[in-house]
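Next comes structure_34.tsv, with TSV, C-alpha atoms.
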chain	number	residue	atom	x	y	z
A	1373	GLN	CA	-18.69	-8.41	6.50
A	1374	ALA	CA	-18.38	-10.66	3.47
A	1375	GLY	CA	-14.77	-9.68	3.00
A	1376	ARG	CA	-13.92	-10.32	6.62
A	1377	LEU	CA	-15.72	-13.66	6.46
A	1378	GLY	CA	-13.81	-14.71	3.36
A	1379	VAL	CA	-10.46	-13.88	4.94
A	1380	ALA	CA	-11.42	-15.56	8.19
A	1381	LEU	CA	-12.36	-18.73	6.36
A	1382	LEU	CA	-8.93	-18.88	4.75
A	1383	GLY	CA	-7.01	-18.97	8.02
A	1384	ASP	CA	-3.67	-20.78	7.76
A	1385	ALA	CA	-4.97	-23.57	5.56
A	1386	GLY	CA	-4.31	-24.08	1.91
A	1387	ALA	CA	-6.51	-22.82	-0.90
A	1388	LEU	CA	-10.18	-22.71	-0.08
A	1389	PRO	CA	-12.34	-25.87	-0.43
A	1390	SER	CA	-15.04	-25.66	-3.04
A	1391	SER	CA	-17.97	-25.69	-0.65
A	1392	LEU	CA	-16.61	-22.64	1.15
A	1393	LEU	CA	-15.40	-21.00	-2.03
A	1394	SER	CA	-18.86	-21.18	-3.54
A	1395	PHE	CA	-20.22	-19.42	-0.48
A	1396	THR	CA	-17.57	-16.73	-0.39
A	1397	HIS	CA	-17.86	-16.11	-4.11
A	1398	LEU	CA	-21.57	-15.52	-3.75
A	1399	THR	CA	-20.99	-13.14	-0.84
A	1400	LEU	CA	-18.08	-11.19	-2.29
A	1401	GLY	CA	-20.50	-8.94	-4.11
A	1402	PRO	CA	-18.41	-5.84	-4.84
A	1403	HIS	CA	-15.75	-7.94	-6.53
A	1404	SER	CA	-18.20	-9.58	-8.90
A	1405	ARG	CA	-20.17	-6.43	-9.64
A	1406	ALA	CA	-17.04	-4.44	-10.42
A	1407	MET	CA	-15.74	-7.02	-12.86
A	1408	ARG	CA	-18.92	-8.08	-14.61
A	1409	HIS	CA	-18.03	-7.79	-18.26
A	1410	SER	CA	-17.64	-10.10	-21.22
A	1411	LEU	CA	-14.27	-11.40	-22.32
A	1412	PRO	CA	-15.44	-12.64	-25.73
A	1413	SER	CA	-15.63	-9.12	-27.12
A	1414	ARG	CA	-11.96	-8.60	-26.33
A	1415	LEU	CA	-10.23	-11.98	-26.45
A	1416	VAL	CA	-11.99	-13.27	-29.56
A	1417	ARG	CA	-10.92	-11.78	-32.85
A	1418	SER	CA	-14.22	-12.49	-34.58
A	1419	PRO	CA	-17.69	-13.58	-33.41
A	1420	THR	CA	-18.41	-17.27	-33.05
A	1421	VAL	CA	-21.74	-18.77	-33.99
A	1422	ALA	CA	-23.14	-20.41	-30.89
A	1423	ALA	CA	-26.43	-21.21	-29.22
A	1424	PRO	CA	-27.23	-20.18	-25.65
A	1425	LEU	CA	-26.87	-22.85	-22.99
A	1426	LYS	CA	-29.21	-21.88	-20.20
A	1427	GLY	CA	-28.70	-22.87	-16.59
A	1428	PHE	CA	-24.93	-22.65	-16.48
A	1429	GLY	CA	-22.77	-20.03	-14.85
A	1430	VAL	CA	-19.02	-19.73	-14.63
A	1431	ARG	CA	-17.47	-18.77	-11.34
A	1432	CYS	CA	-14.62	-19.55	-8.98
A	1433	HIS	CA	-16.07	-22.58	-7.28
A	1434	SER	CA	-15.82	-25.91	-9.03
A	1435	LEU	CA	-12.69	-27.41	-7.66
A	1436	GLY	CA	-12.83	-31.10	-7.62
A	1437	GLY	CA	-12.24	-32.65	-10.98
A	1438	SER	CA	-15.88	-33.51	-11.63
A	1439	SER	CA	-16.74	-29.90	-12.20
A	1440	SER	CA	-14.58	-27.52	-14.19
A	1441	SER	CA	-15.89	-24.01	-13.92
A	1442	SER	CA	-13.32	-23.24	-11.42
A	1443	SER	CA	-10.56	-21.69	-9.54
A	1444	SER	CA	-10.05	-23.10	-6.05
A	1445	SER	CA	-10.22	-26.50	-4.20
A	1446	GLY	CA	-12.18	-29.71	-3.56
A	1447	SER	CA	-15.38	-30.59	-5.41
A	1448	GLY	CA	-18.33	-28.29	-5.63
A	1449	LYS	CA	-21.88	-27.77	-6.76
A	1450	ALA	CA	-23.08	-25.02	-9.02
A	1451	HIS	CA	-26.12	-24.38	-6.82
A	1452	SER	CA	-28.83	-22.57	-8.76
A	1453	PHE	CA	-26.69	-22.47	-11.88
A	1454	GLY	CA	-26.74	-26.26	-12.26
A	1455	ASP	CA	-23.85	-28.69	-12.18
A	1456	PHE	CA	-21.24	-28.51	-14.86
A	1457	HIS	CA	-19.36	-31.74	-15.52
A	1458	ALA	CA	-16.13	-31.96	-17.49
A	1459	THR	CA	-14.05	-34.87	-18.63
A	1460	ARG	CA	-10.29	-34.90	-18.50
A	1461	ARG	CA	-8.82	-32.92	-21.41
A	1462	THR	CA	-12.25	-32.01	-22.75
A	1463	VAL	CA	-15.05	-29.74	-21.75
A	1464	THR	CA	-18.29	-31.36	-22.80
A	1465	ASN	CA	-21.03	-29.44	-24.61
A	1466	VAL	CA	-19.41	-26.07	-24.08
A	1467	GLY	CA	-18.17	-23.91	-26.88
A	1468	VAL	CA	-15.98	-20.93	-27.46
A	1469	GLY	CA	-18.38	-18.60	-25.67
A	1470	PHE	CA	-17.60	-20.46	-22.45
A	1471	LEU	CA	-13.90	-20.67	-23.17
A	1472	MET	CA	-13.60	-16.94	-23.60
A	1473	GLY	CA	-14.84	-16.24	-20.13
A	1474	SER	CA	-18.59	-15.89	-19.66
A	1475	LEU	CA	-18.93	-14.43	-16.21
A	1476	VAL	CA	-20.99	-15.05	-13.11
A	1477	ASN	CA	-24.76	-14.62	-13.50
A	1478	ARG	CA	-24.52	-14.71	-17.30
A	1479	ASN	CA	-25.81	-17.38	-19.64
A	1480	VAL	CA	-23.06	-19.18	-21.49
A	1481	SER	CA	-23.02	-19.19	-25.26
A	1482	ALA	CA	-22.00	-22.64	-26.38
A	1483	SER	CA	-21.83	-25.10	-29.20
A	1484	ALA	CA	-22.34	-28.81	-28.92
A	1485	ALA	CA	-18.77	-29.58	-29.93
A	1486	LYS	CA	-16.34	-31.17	-27.52
A	1487	ILE	CA	-13.28	-29.00	-27.07
A	1488	ASP	CA	-9.84	-30.43	-26.32
A	1489	VAL	CA	-8.25	-28.17	-23.73
A	1490	GLU	CA	-4.77	-29.10	-24.97
A	1491	GLN	CA	-5.61	-27.72	-28.41
A	1492	LEU	CA	-6.91	-24.34	-27.30
A	1493	LEU	CA	-3.61	-22.55	-27.85
A	1494	SER	CA	-2.81	-24.18	-31.18
A	1495	ASP	CA	-2.73	-21.37	-33.77
A	1496	TYR	CA	-5.05	-19.30	-31.62
A	1497	PRO	CA	-6.18	-16.07	-33.40
A	1498	TRP	CA	-5.04	-13.56	-30.78
A	1499	PRO	CA	-6.29	-9.98	-31.04
A	1500	ASP	CA	-3.72	-7.44	-32.18
A	1501	GLU	CA	-3.39	-5.85	-28.75
A	1502	PHE	CA	-3.43	-7.17	-25.19
A	1503	PRO	CA	-7.19	-7.37	-24.55
A	1504	PHE	CA	-7.40	-7.04	-20.78
A	1505	ARG	CA	-8.04	-3.91	-18.75
A	1506	ALA	CA	-6.57	-2.81	-15.44
A	1507	GLN	CA	-9.71	-3.80	-13.55
A	1508	ASP	CA	-9.41	-7.36	-14.84
A	1509	PHE	CA	-6.47	-7.69	-12.48
A	1510	GLY	CA	-8.26	-6.21	-9.51
A	1511	ARG	CA	-8.87	-8.30	-6.41
A	1512	TYR	CA	-11.42	-8.25	-3.66
A	1513	ASP	CA	-8.63	-7.78	-1.11
A	1514	GLU	CA	-6.33	-5.06	-2.40
A	1515	SER	CA	-4.32	-4.82	0.82
A	1516	ARG	CA	-0.58	-5.43	0.55
A	1517	ASP	CA	0.30	-9.03	-0.18
A	1518	THR	CA	3.17	-8.86	2.29
A	1519	ASN	CA	0.56	-8.70	5.05
A	1520	PHE	CA	-1.46	-11.63	3.67
A	1521	TYR	CA	1.63	-13.83	3.36
A	1522	ALA	CA	3.33	-12.65	6.55
A	1523	GLU	CA	2.60	-15.90	8.38
A	1524	PRO	CA	4.07	-19.08	6.87
A	1525	ARG	CA	1.68	-21.72	5.55
A	1526	PHE	CA	3.36	-25.10	5.53
A	1527	VAL	CA	0.58	-26.71	3.56
A	1528	THR	CA	0.17	-27.97	0.01
A	1529	HIS	CA	-2.32	-26.13	-2.19
A	1530	ILE	CA	-3.10	-29.04	-4.50
A	1531	ASP	CA	-3.80	-32.66	-3.64
A	1532	ASP	CA	-1.31	-35.52	-3.79
A	1533	GLY	CA	-2.37	-36.68	-7.24
A	1534	ALA	CA	-1.90	-33.22	-8.73
A	1535	ILE	CA	1.48	-32.85	-7.00
A	1536	LYS	CA	2.63	-36.18	-8.42
A	1537	ALA	CA	1.45	-35.17	-11.90
A	1538	LEU	CA	3.30	-31.85	-11.74
A	1539	THR	CA	6.47	-33.51	-10.46
A	1540	GLN	CA	6.31	-35.97	-13.36
A	1541	PHE	CA	5.85	-33.12	-15.84
A	1542	TYR	CA	8.98	-31.49	-14.44
A	1543	ALA	CA	10.85	-34.81	-14.68
A	1544	ASP	CA	9.84	-35.13	-18.33
A	1545	ASN	CA	10.61	-31.57	-19.39
A	1546	LEU	CA	13.32	-30.00	-17.24
A	1547	PRO	CA	17.03	-30.47	-17.94
A	1548	ALA	CA	18.37	-33.72	-16.52
A	1549	SER	CA	19.30	-33.69	-12.87
A	1550	GLY	CA	22.88	-33.30	-11.72
A	1551	GLN	CA	24.15	-30.74	-14.24
A	1552	ASP	CA	26.20	-28.02	-12.63
A	1553	ASP	CA	25.70	-25.61	-15.53
A	1554	VAL	CA	21.89	-25.73	-15.27
A	1555	ALA	CA	19.99	-22.96	-13.47
A	1556	ILE	CA	16.32	-23.16	-12.43
A	1557	LEU	CA	14.18	-20.32	-11.06
A	1558	ASP	CA	11.02	-21.02	-9.07
A	1559	ILE	CA	8.96	-17.84	-8.78
A	1560	CYS	CA	6.14	-17.41	-6.26
A	1561	SER	CA	8.00	-20.19	-4.46
A	1562	SER	CA	7.38	-21.56	-0.98
A	1563	TRP	CA	8.50	-24.47	1.18
A	1564	ILE	CA	8.10	-27.00	-1.62
A	1565	SER	CA	8.91	-26.68	-5.34
A	1566	HIS	CA	7.45	-30.01	-6.52
A	1567	LEU	CA	10.69	-30.92	-8.30
A	1568	PRO	CA	11.50	-34.63	-8.57
A	1569	GLN	CA	12.96	-36.13	-5.43
A	1570	GLY	CA	16.73	-35.79	-5.49
A	1571	TYR	CA	16.68	-33.33	-8.39
A	1572	THR	CA	19.77	-31.14	-8.36
A	1573	ALA	CA	21.21	-28.41	-10.55
A	1574	GLY	CA	24.01	-25.91	-10.26
A	1575	THR	CA	21.46	-23.28	-9.22
A	1576	ILE	CA	17.87	-23.66	-8.05
A	1577	SER	CA	16.74	-20.19	-7.04
A	1578	GLY	CA	13.50	-19.41	-5.26
A	1579	LEU	CA	11.65	-16.11	-5.28
A	1580	GLY	CA	8.72	-15.90	-2.91
A	1581	MET	CA	6.78	-13.99	-0.31
A	1582	ASN	CA	7.62	-15.69	2.97
A	1583	GLU	CA	11.17	-16.11	4.24
A	1584	ALA	CA	10.37	-18.97	6.62
A	1585	GLU	CA	8.77	-21.00	3.83
A	1586	LEU	CA	11.70	-20.40	1.50
A	1587	GLN	CA	14.21	-21.35	4.19
A	1588	ALA	CA	12.38	-24.65	4.62
A	1589	ASN	CA	12.65	-25.50	0.91
A	1590	LYS	CA	15.60	-27.90	0.81
A	1591	GLN	CA	15.70	-28.03	-2.98
A	1592	LEU	CA	16.63	-24.37	-3.30
A	1593	THR	CA	20.27	-23.34	-3.46
A	1594	ASP	CA	19.34	-19.71	-2.79
A	1595	PHE	CA	16.27	-17.56	-2.37
A	1596	LYS	CA	15.04	-13.99	-2.32
A	1597	VAL	CA	11.90	-12.51	-0.76
A	1598	LYS	CA	10.01	-10.22	-3.10
A	1599	ASP	CA	6.46	-9.15	-3.91
A	1600	LEU	CA	6.09	-9.22	-7.68
A	1601	ASN	CA	2.80	-7.37	-7.43
A	1602	GLU	CA	4.67	-4.42	-5.94
A	1603	ASP	CA	7.61	-4.64	-8.34
A	1604	PRO	CA	7.49	-7.18	-11.19
A	1605	THR	CA	11.22	-6.92	-11.89
A	1606	LEU	CA	13.08	-10.19	-11.36
A	1607	PRO	CA	16.34	-9.56	-9.47
A	1608	TYR	CA	18.47	-11.64	-11.83
A	1609	ALA	CA	20.71	-11.02	-14.82
A	1610	ASP	CA	19.67	-11.46	-18.44
A	1611	ASN	CA	19.89	-14.97	-19.91
A	1612	SER	CA	20.50	-16.58	-16.51
A	1613	PHE	CA	18.13	-19.55	-16.29
A	1614	ASP	CA	17.38	-22.71	-18.22
A	1615	ALA	CA	13.86	-22.87	-16.78
A	1616	VAL	CA	11.48	-20.61	-14.87
A	1617	LEU	CA	8.68	-22.31	-12.95
A	1618	ASN	CA	5.50	-21.04	-11.31
A	1619	ALA	CA	3.34	-23.57	-9.48
A	1620	VAL	CA	-0.30	-22.67	-8.77
A	1621	SER	CA	0.37	-18.96	-8.35
A	1622	VAL	CA	-0.07	-17.36	-11.77
A	1623	ASP	CA	-3.63	-16.43	-10.76
A	1624	TYR	CA	-2.33	-13.98	-8.15
A	1625	LEU	CA	-0.20	-11.86	-10.48
A	1626	THR	CA	-1.63	-8.37	-10.90
A	1627	LYS	CA	1.05	-7.32	-13.40
A	1628	PRO	CA	1.35	-10.55	-15.39
A	1629	LEU	CA	2.53	-9.03	-18.65
A	1630	GLN	CA	5.47	-7.31	-16.95
A	1631	VAL	CA	6.31	-10.50	-15.04
A	1632	PHE	CA	6.27	-12.58	-18.23
A	1633	GLN	CA	8.48	-10.02	-19.96
A	1634	GLU	CA	10.89	-10.41	-17.06
A	1635	ILE	CA	10.71	-14.20	-17.34
A	1636	GLU	CA	11.65	-13.91	-21.00
A	1637	ARG	CA	14.55	-11.60	-20.09
A	1638	VAL	CA	16.12	-13.89	-17.50
A	1639	LEU	CA	15.67	-17.09	-19.52
A	1640	LYS	CA	18.49	-18.33	-21.68
A	1641	PRO	CA	17.59	-18.61	-25.39
A	1642	GLY	CA	15.58	-21.80	-25.70
A	1643	GLY	CA	14.87	-21.80	-21.97
A	1644	LEU	CA	11.57	-23.22	-20.70
A	1645	ALA	CA	8.86	-21.37	-18.76
A	1646	VAL	CA	6.15	-23.48	-17.08
A	1647	MET	CA	3.02	-22.06	-15.47
A	1648	SER	CA	1.04	-24.78	-13.71
A	1649	PHE	CA	-2.36	-24.33	-12.11
A	1650	SER	CA	-5.35	-26.19	-10.79
A	1651	ASN	CA	-8.68	-24.76	-9.76
A	1652	ARG	CA	-7.73	-23.85	-6.21
A	1653	CYS	CA	-7.12	-20.32	-5.04
A	1654	PHE	CA	-7.31	-17.85	-2.22
A	1655	PRO	CA	-10.36	-16.11	-3.68
A	1656	THR	CA	-9.80	-12.72	-2.08
A	1657	LYS	CA	-6.31	-12.53	-3.59
A	1658	ALA	CA	-6.85	-14.07	-7.02
A	1659	ILE	CA	-7.42	-11.64	-9.89
A	1660	ALA	CA	-10.91	-10.96	-11.17
A	1661	ILE	CA	-10.63	-12.61	-14.57
A	1662	TRP	CA	-9.45	-15.79	-12.84
A	1663	THR	CA	-12.14	-16.10	-10.20
A	1664	GLU	CA	-14.92	-15.41	-12.69
A	1665	THR	CA	-13.84	-17.84	-15.41
A	1666	GLY	CA	-13.19	-21.56	-15.74
A	1667	ASP	CA	-10.28	-23.87	-16.43
A	1668	PRO	CA	-10.32	-23.59	-20.24
A	1669	ASP	CA	-10.44	-19.81	-19.89
A	1670	HIS	CA	-7.45	-20.00	-17.58
A	1671	VAL	CA	-5.49	-21.84	-20.26
A	1672	LEU	CA	-6.22	-19.02	-22.69
A	1673	ILE	CA	-5.49	-16.31	-20.15
A	1674	VAL	CA	-2.05	-17.73	-19.32
A	1675	GLY	CA	-1.39	-18.39	-23.01
A	1676	SER	CA	-2.15	-14.73	-23.70
A	1677	TYR	CA	0.51	-13.68	-21.20
A	1678	PHE	CA	3.14	-15.59	-23.16
A	1679	HIS	CA	1.87	-14.28	-26.46
A	1680	TYR	CA	1.71	-10.59	-25.58
A	1681	ALA	CA	4.89	-10.54	-23.51
A	1682	GLY	CA	6.84	-11.21	-26.69
A	1683	GLY	CA	9.97	-13.22	-27.21
A	1684	PHE	CA	8.35	-16.63	-26.63
A	1685	GLU	CA	7.50	-19.45	-28.96
A	1686	GLN	CA	3.83	-20.35	-29.35
A	1687	PRO	CA	2.58	-21.43	-25.92
A	1688	LYS	CA	1.25	-24.92	-25.40
A	1689	CYS	CA	-1.02	-26.58	-22.85
A	1690	LYS	CA	-0.73	-30.00	-21.28
A	1691	ASP	CA	-3.58	-31.39	-19.22
A	1692	ILE	CA	-1.74	-33.35	-16.53
A	1693	SER	CA	-4.81	-34.02	-14.41
A	1694	PRO	CA	-4.61	-37.41	-12.69
A	1695	ALA	CA	-6.79	-40.11	-14.17
A	1696	LYS	CA	-10.17	-40.49	-12.54
A	1697	MET	CA	-11.04	-43.67	-10.67
A	1698	PRO	CA	-14.25	-45.45	-11.67
A	1699	PHE	CA	-17.14	-44.60	-9.33
A	1700	PHE	CA	-14.93	-42.36	-7.18
A	1701	GLY	CA	-14.26	-39.46	-9.53
A	1702	GLY	CA	-10.95	-37.66	-9.47
A	1703	GLY	CA	-8.96	-35.16	-7.49
A	1704	ASP	CA	-7.73	-31.75	-8.45
A	1705	PRO	CA	-7.46	-31.02	-12.17
A	1706	MET	CA	-3.99	-29.87	-13.16
A	1707	TYR	CA	-2.73	-27.98	-16.20
A	1708	ALA	CA	0.63	-26.77	-17.44
A	1709	VAL	CA	0.83	-23.90	-19.91
A	1710	TYR	CA	4.39	-23.56	-21.13
A	1711	SER	CA	6.62	-22.04	-23.76
A	1712	ARG	CA	10.27	-21.52	-24.61
A	1713	LYS	CA	12.16	-18.34	-25.10
A	1714	ALA	CA	12.81	-17.83	-28.79
A	1715	ARG	CA	16.34	-18.93	-29.68
A	1716	THR	CA	16.89	-15.97	-31.97
A	1717	ALA	CA	15.66	-12.40	-31.74

The structure given in the file should be rewritten as structure tokens.
Amino acid sequence: QAGRLGVALLGDAGALPSSLLSFTHLTLGPHSRAMRHSLPSRLVRSPTVAAPLKGFGVRCHSLGGSSSSSSSSGSGKAHSFGDFHATRRTVTNVGVGFLMGSLVNRNVSASAAKIDVEQLLSDYPWPDEFPFRAQDFGRYDESRDTNFYAEPRFVTHIDDGAIKALTQFYADNLPASGQDDVAILDICSSWISHLPQGYTAGTISGLGMNEAELQANKQLTDFKVKDLNEDPTLPYADNSFDAVLNAVSVDYLTKPLQVFQEIERVLKPGGLAVMSFSNRCFPTKAIAIWTETGDPDHVLIVGSYFHYAGGFEQPKCKDISPAKMPFFGGGDPMYAVYSRKARTA
């Protein structure tokens, strides 16, 4: 019943609002119970000295900028776990125990230090081997994604401020518009790619799940329909693209390491890969380690994909969350984790 309720709540709208996501997360019991484990023992190379911070839990619910324990939309309350407030670019009074993914119904080990989200990936001491297990990429709804995405959703999954921030990040970091020898690939694409208005390139390819959405995307020069969770191979030649983009969809990849290896393959040497995300999601389709961790954890998770895929420079994070308005708070937080393909083997 909980699963049916969660799917019914999604409907044709965008990612789930926080108030509903909190409810569905609490009711999606089998998902949480199956994935209840501790990331610190696997993602942290050595133990960190930290004191327990009682009253806080991390789960897929805090979506509105004021709260950052996250993974879906709007603004939310932590209910019996207590509210968790975060400033832009920093997570206040939460230490590495939180960052490494303390899960639902667990106390969070924390230090009193403020942690700059943009510095999390700087010289991070990654374990020798990819630390995640197959069940970390399980989802509450394991039915075929082609069924879930069969009907087009002509909606935006982040708010206007986050869209504007992402578009500006693209404007600042992608090759200049109007170059015929530039090729861009937008994976997990839909009816909008969030590129700057009027941006053109010789090739802007889209790879997504719904043909009607891709047909409606006027910035694409071509598109293909493909489910990367069924087959993570990108249907493009080696060294084809100057940039590969993924907007607010990295949390749905069940074979992320293979996808990132493919991204590295199709990028030209020095080419840019950008994974952007907020704290919105379709909770029944997002992977377990995403729904049960917070925004700083998500930065580390995506950074680990770049690191363990191989062939990339050290990944970086940019907090592009819109500035908060006094007394009114802010909208959706927004992050970009990005890297370039190494120029030499």

Residues within 8 Å of A:Gly1510, please, as a PDB file with C-alpha atoms, keeping the file's coordinate frame. Count all atoms listed in the file; anything in the same chain fewer than 5 positions from it doesn't count.
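In the end it all went to result-v8.pdb:
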ATOM      1  CA  THR A1626      -1.630  -8.370 -10.900  1.00  0.00           C
ATOM      2  CA  ILE A1659      -7.420 -11.640  -9.890  1.00  0.00           C
ATOM      3  CA  ALA A1660     -10.910 -10.960 -11.170  1.00  0.00           C
TER       4      ALA A1660
END

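One distance worth recording is that between atom CA of A:Pro1524 and atom CA of A:Glu1585, which is 5.9 Å.
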
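For the pair atom CA of A:His1670 and atom CA of A:Val1646, the separation is 14.0 Å.
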
Legend entry - Distance criterion (only C-alpha atoms): nearest to A:Lys1696 out of A:Pro1628, A:Pro1503, A:Pro1668, A:Gly1533: A:Gly1533

Legend entry - Among listed residues A:Ser1648, A:Asn1545, A:Thr1663, A:Ser1711, nearest A:Ile1635 (using only C-alpha atoms):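 Comparing A:Ser1648, A:Asn1545, A:Thr1663, A:Ser1711 against A:Ile1635, the winner is A:Ser1711.
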
Legend entry - Residue nearest A:Ser1693 among A:Asp1532, A:Asp1508, A:Glu1634, A:Asp1614 (counting all atoms listed in the file): A:Asp1532

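With distances taken over all atoms listed in the file, A:Ala1573 is the one residue among A:Ala1573, A:Ile1661, A:Ile1564, A:Ala1609 lying closest to A:Ser1549.
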
Legend entry - Spatial neighbours of A:Lys1598, max dist 10 Å, all atoms listed in the file, sep filter under 2 positions, as a ChimeraX atom specification: /A:1518,1559-1560,1579-1583,1595-1596,1600-1607

Legend entry - Point-to-point distance from atom CA of A:Thr1539 to atom CA of A:Leu1629, Å rounded to tenths: 26.1 Å

Go through stretch 1580-1675 of chain A and flag each residue having an atom no more than 6 Å from stretch 1706-1709 of chain A; for those, report the closest pair of atoms plus their distance in Å to one decimal, using only C-alpha atoms, ordered by chain and rising number, as CSV.
residue,atom,partner,partner_atom,distance
A:Met1647,CA,A:Val1709,CA,5.3
A:Ser1648,CA,A:Ala1708,CA,4.2
A:Phe1649,CA,A:Tyr1707,CA,5.5
A:Ser1650,CA,A:Met1706,CA,4.6
